[in-house]
Amino acid sequence: MVEEMNNEVTEMKSFSVGEVVSGKVTKVEDKQAFVDVGFKVDGIVPISELSSLHVEKVSDVLSVDDELELKVLKIEDDELILSKRAVQAEKAWGDLQQAFESGQVIEAQVADVVKGGLVVDVGVRGFIPASLVERHFVEDFSDYKGRTLRLKVAEIDKENNKLILSQRAVLDEEVLQKKKDVLESLQAGDIVEGTVQRLTDFGVFVDVGGVDGLVHISQLAHHRVESPSDVVKEGDVVKVKVLSVDPDSERVSLSIKETLPGPWEEVQGKINAGDVIEGTVKRLVSFGAFIEVAPGVEGLVHISQIANRHIGTPSEVLTEGEKVEVKVLDINIDEKRISLSIRELLEEDNGDSDYQQYEASRDDEPTGFSLGDMIGDQLKKYK
């Protein structure tokens with residue numbers, strides 16, 4: 001009997017502080033667990049040596065028959081004091097240092113929400129400052145407890161037991177990668193959907209898959225746009241055509257105008273020869289006036305079709321910006337040409353117009369010679 005006890009003590013003494021041993025949990029109490037490490041006397045794991053985080057009850061983290069790797073902390077009398085936390089920490093610091101150097105993403109569940117951020121257990125206690133949780137400001141982190149986050153090691157100091165982690169770094173990298181992928185995939189000529197992000201005096205920025213492209217004010221519509229807010233608003237989903245992509249400068253030029261039917265296509269079938277429509281005098285030239293009859297569609301009233309009398313210049317009758325009624329004489333969509341007349345409407349309104357009276361009166365005017373004079377002249381040639 002004495003010999004057996006001496007053998008046990010000898011075997012106990014064969015352990016050394018700092019040694020890692022394997023064992024199986026035989027008993028779980030509130031503040032400690034007993035582990036069989038191959039001898040008649042169980043090793044003891046105090047509750048403080050279970051985890052890098054606070055543990056309320058041993059049964060929260062351990063069950064009977066759990067297999068554990070443990071570090072020998074103390075050998076006193078017939079007790080072997082062991083630590084689960086120390087083994088985890090030793091391994092964790094090595095893995096975390098490697099993750100820090102390689103930029104590897106690790107996963108961890110939020111164990112606690114504390115002032116200024118979140119706490120996780122990654123073999124050691126890790127802290128995620130509030131500013132490194134998301135890419136946006138978060139006012140209340142109460143619902144983050146229990147969530148699994150993807151993290152990068154932002155700062156590591158084993159000597160001072162300091163580990164700072166960041167989810168924001170993971171999210172930022174994903175956004176940058178997505179942006180790069182989009183820039184590489186976009187080609188001039190592509191038509192894609194985007195969301196209007198913000199309006200400026202010179203145009204509109206549209207998000208196309210994580211990249212902001214510019215739709216210059218001249219590319220918003222076929223007609224002249226005074227202010228982008230006249231055409232779109234923030235949050236609008238719009239179709240855009242890619243005009244150019246520069247991946248290096250991350251600049252993308254877009255056009256909404258190029259995705260819209262042209263102004264001439266818009267009026268096809270809506271304006272026909274014989275129609276009477278209203279238009280705005282846009283430009284006066286020596287040979288007539290250009291009248292806008294639809295956004296981006298101008299027709300010509302030749303000077304001979306402006307009035308029912310002879311005029312020297314169009315400005316005698318018309319002024320730029322004036323609204324006028326015109327009659328469509330001819331329309332050619334393919335050639336983008338419309339011939340218009342104001343005179344025909346005047347003549348229709350007046351019936352026997354002054355112009356018609358003028359033409360008729362010319363027939364009654366003496367020509368300065370008679371039929372007899374003409375015959376007389378011819379007879380003289382034969383004399």
# chains A, B, ... in the order shown; residues from 1 in each chain; ligands from 1

$ closest_atom_pairs --of "region 3-76 of chain A" --to "region 110-126 of chain A" --cutoff "9 Å" --atoms "only C-alpha atoms" --output "JSON lines"
{"residue": "A:Ser51", "atom": "CA", "partner": "A:Gly123", "partner_atom": "CA", "distance": 7.6}
{"residue": "A:Ser52", "atom": "CA", "partner": "A:Val124", "partner_atom": "CA", "distance": 5.2}
{"residue": "A:Leu53", "atom": "CA", "partner": "A:Arg125", "partner_atom": "CA", "distance": 6.3}

$ select_by_dssp --residues "region 141-228 of chain A" --states "helix (DSSP H, G or I)" --output "ChimeraX atom specification"
/A:142-144,168-185,217-219,228

$ atom_distance --atom1 "CA of Lys84 (chain A)" --atom2 "CA of Glu69 (chain A)"
6.6 Å

$ select_by_dssp --residues "region 30-279 of chain A" --states "strand (DSSP E)" --output "VMD selection string"
chain A and resid 32 to 36 43 to 46 67 to 76 79 to 83 106 to 114 117 to 121 125 to 129 148 to 157 162 to 166 191 to 200 203 to 207 212 to 216 237 to 246 251 to 255 276 to 279

$ closest_residue --among "A:Glu292, A:Glu184, A:Glu90, A:Glu344" --to "Ile306 (chain A)" --atoms "only C-alpha atoms"
A:Glu344

$ residues_around --residues "Gln167 (chain A)" --least-positions-apart "5" --cutoff "12 Å" --atoms "only C-alpha atoms" --output "MDAnalysis selection string"
chainID A and resid 104:110 117:118 120 127:136 148:154 172:174

$ atom_distance --atom1 "CA of Asp36 (chain A)" --atom2 "CA of Ile75 (chain A)"
15.0 Å

$ residues_around --residues "region 270-272 of chain A" --least-positions-apart "6" --cutoff "10 Å" --atoms "only C-alpha atoms" --output "list in words"
Val293, Ala294, Lys327, Val328, Leu329, Asp330, Ile331, Asn332 and Ile338 of chain A

$ write_last_selection --atoms "C-alpha atoms" --output "PDB file, in the first residue's frame"
ATOM      1  CA  VAL A 293     -42.629  71.612 -82.145  1.00  0.00           C
ATOM      2  CA  ALA A 294     -41.560  68.993 -79.535  1.00  0.00           C
ATOM      3  CA  LYS A 327     -49.229  73.765 -90.248  1.00  0.00           C
ATOM      4  CA  VAL A 328     -47.127  70.709 -91.104  1.00  0.00           C
ATOM      5  CA  LEU A 329     -46.432  70.663 -94.858  1.00  0.00           C
ATOM      6  CA  ASP A 330     -44.121  67.681 -94.847  1.00  0.00           C
ATOM      7  CA  ILE A 331     -42.301  65.475 -92.294  1.00  0.00           C
ATOM      8  CA  ASN A 332     -39.371  63.087 -92.853  1.00  0.00           C
ATOM      9  CA  ILE A 338     -40.142  69.042 -90.975  1.00  0.00           C
TER      10      ILE A 338
END

$ closest_residue --among "A:Val240, A:Val175, A:Val225, A:Leu73" --to "Phe202 (chain A)" --atoms "only C-alpha atoms"
A:Val225

$ residues_around --residues "region 19-27 of chain A" --least-positions-apart "6" --cutoff "8 Å" --atoms "only C-alpha atoms" --output "list in words"
Ala33, Phe34, Val35, Asp36, Val37, Gly38, Leu62, Ser63, Val64, Asp65, Asp66, Glu67, Leu68, Glu69, Leu70, Lys71, Val72 and Val87 of chain A

$ write_last_selection --atoms "C-alpha atoms" --output "PDB file, in the first residue's frame"
ATOM      1  CA  ALA A  33     -14.018  20.836 -12.948  1.00  0.00           C
ATOM      2  CA  PHE A  34     -12.199  17.565 -12.280  1.00  0.00           C
ATOM      3  CA  VAL A  35     -10.241  15.978 -15.077  1.00  0.00           C
ATOM      4  CA  ASP A  36      -8.728  12.514 -15.361  1.00  0.00           C
ATOM      5  CA  VAL A  37      -5.234  12.953 -16.745  1.00  0.00           C
ATOM      6  CA  GLY A  38      -4.295   9.286 -16.344  1.00  0.00           C
ATOM      7  CA  LEU A  62     -17.827  22.091 -19.873  1.00  0.00           C
ATOM      8  CA  SER A  63     -19.611  18.751 -19.668  1.00  0.00           C
ATOM      9  CA  VAL A  64     -18.603  15.367 -18.248  1.00  0.00           C
ATOM     10  CA  ASP A  65     -16.527  13.289 -20.724  1.00  0.00           C
ATOM     11  CA  ASP A  66     -15.296  16.369 -22.636  1.00  0.00           C
ATOM     12  CA  GLU A  67     -11.756  15.755 -23.911  1.00  0.00           C
ATOM     13  CA  LEU A  68      -9.418  18.644 -23.102  1.00  0.00           C
ATOM     14  CA  GLU A  69      -5.878  19.792 -23.593  1.00  0.00           C
ATOM     15  CA  LEU A  70      -4.629  21.455 -20.414  1.00  0.00           C
ATOM     16  CA  LYS A  71      -1.518  23.214 -19.147  1.00  0.00           C
ATOM     17  CA  VAL A  72      -0.051  22.347 -15.744  1.00  0.00           C
ATOM     18  CA  VAL A  87      -3.440  26.191 -23.799  1.00  0.00           C
TER      19      VAL A  87
END

$ atom_distance --atom1 "CA of Thr259 (chain A)" --atom2 "CA of Leu220 (chain A)"
9.8 Å

$ decode --residues "region 85-227 of chain A" --atoms "C-alpha atoms" --output "CSV table (one decimal), in the first residue's frame"
chain,number,residue,atom,x,y,z
A,85,ARG,CA,-7.3,28.9,-21.0
A,86,ALA,CA,-3.5,28.9,-21.1
A,87,VAL,CA,-3.4,26.2,-23.8
A,88,GLN,CA,-6.0,28.0,-25.9
A,89,ALA,CA,-4.2,31.3,-25.5
A,90,GLU,CA,-0.8,29.9,-26.5
A,91,LYS,CA,-2.2,28.5,-29.7
A,92,ALA,CA,-4.4,31.5,-30.3
A,93,TRP,CA,-1.6,34.0,-30.1
A,94,GLY,CA,0.4,32.1,-32.7
A,95,ASP,CA,-2.6,31.8,-35.1
A,96,LEU,CA,-3.6,35.4,-34.6
A,97,GLN,CA,0.0,36.6,-35.3
A,98,GLN,CA,-0.1,34.7,-38.5
A,99,ALA,CA,-3.6,36.1,-39.4
A,100,PHE,CA,-2.3,39.6,-38.7
A,101,GLU,CA,0.7,39.2,-41.0
A,102,SER,CA,-1.3,37.5,-43.8
A,103,GLY,CA,-4.5,39.6,-43.6
A,104,GLN,CA,-6.5,36.5,-43.1
A,105,VAL,CA,-10.2,36.8,-42.1
A,106,ILE,CA,-11.3,35.0,-38.9
A,107,GLU,CA,-14.7,34.4,-37.5
A,108,ALA,CA,-15.9,35.0,-34.0
A,109,GLN,CA,-19.1,35.2,-32.1
A,110,VAL,CA,-19.8,38.4,-30.1
A,111,ALA,CA,-19.6,37.3,-26.4
A,112,ASP,CA,-20.4,40.7,-24.9
A,113,VAL,CA,-21.3,44.3,-25.6
A,114,VAL,CA,-19.3,46.7,-23.5
A,115,LYS,CA,-18.7,50.4,-23.4
A,116,GLY,CA,-17.0,51.5,-26.6
A,117,GLY,CA,-17.4,48.3,-28.5
A,118,LEU,CA,-17.7,44.5,-28.6
A,119,VAL,CA,-15.8,41.6,-27.0
A,120,VAL,CA,-15.1,38.2,-28.6
A,121,ASP,CA,-13.3,35.1,-27.6
A,122,VAL,CA,-10.8,33.9,-30.1
A,123,GLY,CA,-8.8,31.8,-27.7
A,124,VAL,CA,-7.9,35.1,-26.1
A,125,ARG,CA,-10.0,38.2,-25.4
A,126,GLY,CA,-10.5,40.3,-28.5
A,127,PHE,CA,-11.9,43.8,-28.5
A,128,ILE,CA,-13.7,45.4,-31.5
A,129,PRO,CA,-13.9,49.2,-31.1
A,130,ALA,CA,-17.3,50.7,-32.1
A,131,SER,CA,-15.7,52.6,-35.0
A,132,LEU,CA,-14.3,49.3,-36.4
A,133,VAL,CA,-17.6,47.3,-36.3
A,134,GLU,CA,-19.4,48.7,-39.4
A,135,ARG,CA,-18.7,51.1,-42.3
A,136,HIS,CA,-21.5,53.2,-41.0
A,137,PHE,CA,-22.3,54.7,-37.5
A,138,VAL,CA,-24.1,52.4,-35.2
A,139,GLU,CA,-25.9,53.9,-32.3
A,140,ASP,CA,-27.0,50.8,-30.4
A,141,PHE,CA,-25.0,47.5,-30.3
A,142,SER,CA,-27.3,45.7,-28.0
A,143,ASP,CA,-28.5,43.3,-30.7
A,144,TYR,CA,-25.0,42.3,-31.7
A,145,LYS,CA,-24.5,39.9,-28.8
A,146,GLY,CA,-24.4,36.3,-30.2
A,147,ARG,CA,-23.7,37.5,-33.8
A,148,THR,CA,-20.9,35.9,-35.7
A,149,LEU,CA,-18.6,38.5,-37.3
A,150,ARG,CA,-15.9,38.2,-39.9
A,151,LEU,CA,-12.8,40.0,-38.6
A,152,LYS,CA,-9.3,41.0,-39.3
A,153,VAL,CA,-6.6,41.6,-36.7
A,154,ALA,CA,-6.0,45.3,-36.5
A,155,GLU,CA,-3.5,45.3,-33.6
A,156,ILE,CA,-1.8,42.5,-31.7
A,157,ASP,CA,0.4,42.7,-28.6
A,158,LYS,CA,0.9,39.4,-26.8
A,159,GLU,CA,3.1,40.8,-24.0
A,160,ASN,CA,0.4,43.2,-22.9
A,161,ASN,CA,-2.4,40.8,-23.7
A,162,LYS,CA,-3.9,43.3,-26.2
A,163,LEU,CA,-5.9,42.2,-29.3
A,164,ILE,CA,-7.8,44.7,-31.4
A,165,LEU,CA,-10.0,43.3,-34.2
A,166,SER,CA,-12.0,45.0,-37.0
A,167,GLN,CA,-15.0,43.9,-39.0
A,168,ARG,CA,-14.9,47.2,-40.9
A,169,ALA,CA,-11.6,46.3,-42.5
A,170,VAL,CA,-13.2,43.2,-44.0
A,171,LEU,CA,-16.2,45.2,-45.3
A,172,ASP,CA,-13.9,47.9,-46.7
A,173,GLU,CA,-11.9,45.3,-48.6
A,174,GLU,CA,-15.0,43.7,-50.0
A,175,VAL,CA,-16.3,47.0,-51.3
A,176,LEU,CA,-12.9,47.8,-52.9
A,177,GLN,CA,-12.8,44.3,-54.5
A,178,LYS,CA,-16.4,44.7,-55.8
A,179,LYS,CA,-15.5,48.1,-57.1
A,180,LYS,CA,-12.5,46.7,-58.9
A,181,ASP,CA,-14.5,43.8,-60.4
A,182,VAL,CA,-17.2,46.2,-61.6
A,183,LEU,CA,-14.7,48.5,-63.2
A,184,GLU,CA,-13.1,45.6,-65.0
A,185,SER,CA,-16.5,44.2,-66.2
A,186,LEU,CA,-18.0,47.5,-67.5
A,187,GLN,CA,-17.5,48.2,-71.1
A,188,ALA,CA,-18.2,51.2,-73.2
A,189,GLY,CA,-21.6,50.7,-74.9
A,190,ASP,CA,-23.0,48.6,-72.0
A,191,ILE,CA,-26.5,49.5,-70.9
A,192,VAL,CA,-27.0,48.9,-67.2
A,193,GLU,CA,-29.3,49.9,-64.3
A,194,GLY,CA,-28.1,52.3,-61.6
A,195,THR,CA,-29.3,54.3,-58.7
A,196,VAL,CA,-29.1,58.1,-58.5
A,197,GLN,CA,-26.8,58.9,-55.6
A,198,ARG,CA,-26.4,62.7,-55.7
A,199,LEU,CA,-27.1,65.7,-57.9
A,200,THR,CA,-24.7,68.5,-58.7
A,201,ASP,CA,-24.9,71.6,-60.9
A,202,PHE,CA,-22.9,69.8,-63.6
A,203,GLY,CA,-24.7,66.4,-63.6
A,204,VAL,CA,-25.7,63.4,-61.6
A,205,PHE,CA,-23.7,60.6,-59.9
A,206,VAL,CA,-25.2,57.1,-60.4
A,207,ASP,CA,-24.2,54.0,-58.5
A,208,VAL,CA,-23.7,51.1,-61.0
A,209,GLY,CA,-22.9,48.0,-58.9
A,210,GLY,CA,-20.8,49.8,-56.3
A,211,VAL,CA,-19.1,52.3,-58.6
A,212,ASP,CA,-20.3,55.9,-59.0
A,213,GLY,CA,-20.4,57.1,-62.6
A,214,LEU,CA,-21.1,60.6,-63.8
A,215,VAL,CA,-24.0,61.5,-66.1
A,216,HIS,CA,-23.0,64.9,-67.3
A,217,ILE,CA,-25.9,67.4,-67.5
A,218,SER,CA,-25.6,67.3,-71.3
A,219,GLN,CA,-26.3,63.5,-71.2
A,220,LEU,CA,-29.5,63.6,-69.0
A,221,ALA,CA,-32.0,64.2,-71.8
A,222,HIS,CA,-32.3,65.0,-75.5
A,223,HIS,CA,-33.5,68.5,-74.7
A,224,ARG,CA,-31.6,71.2,-72.9
A,225,VAL,CA,-31.6,70.6,-69.1
A,226,GLU,CA,-31.3,73.7,-66.9
A,227,SER,CA,-31.1,71.7,-63.6
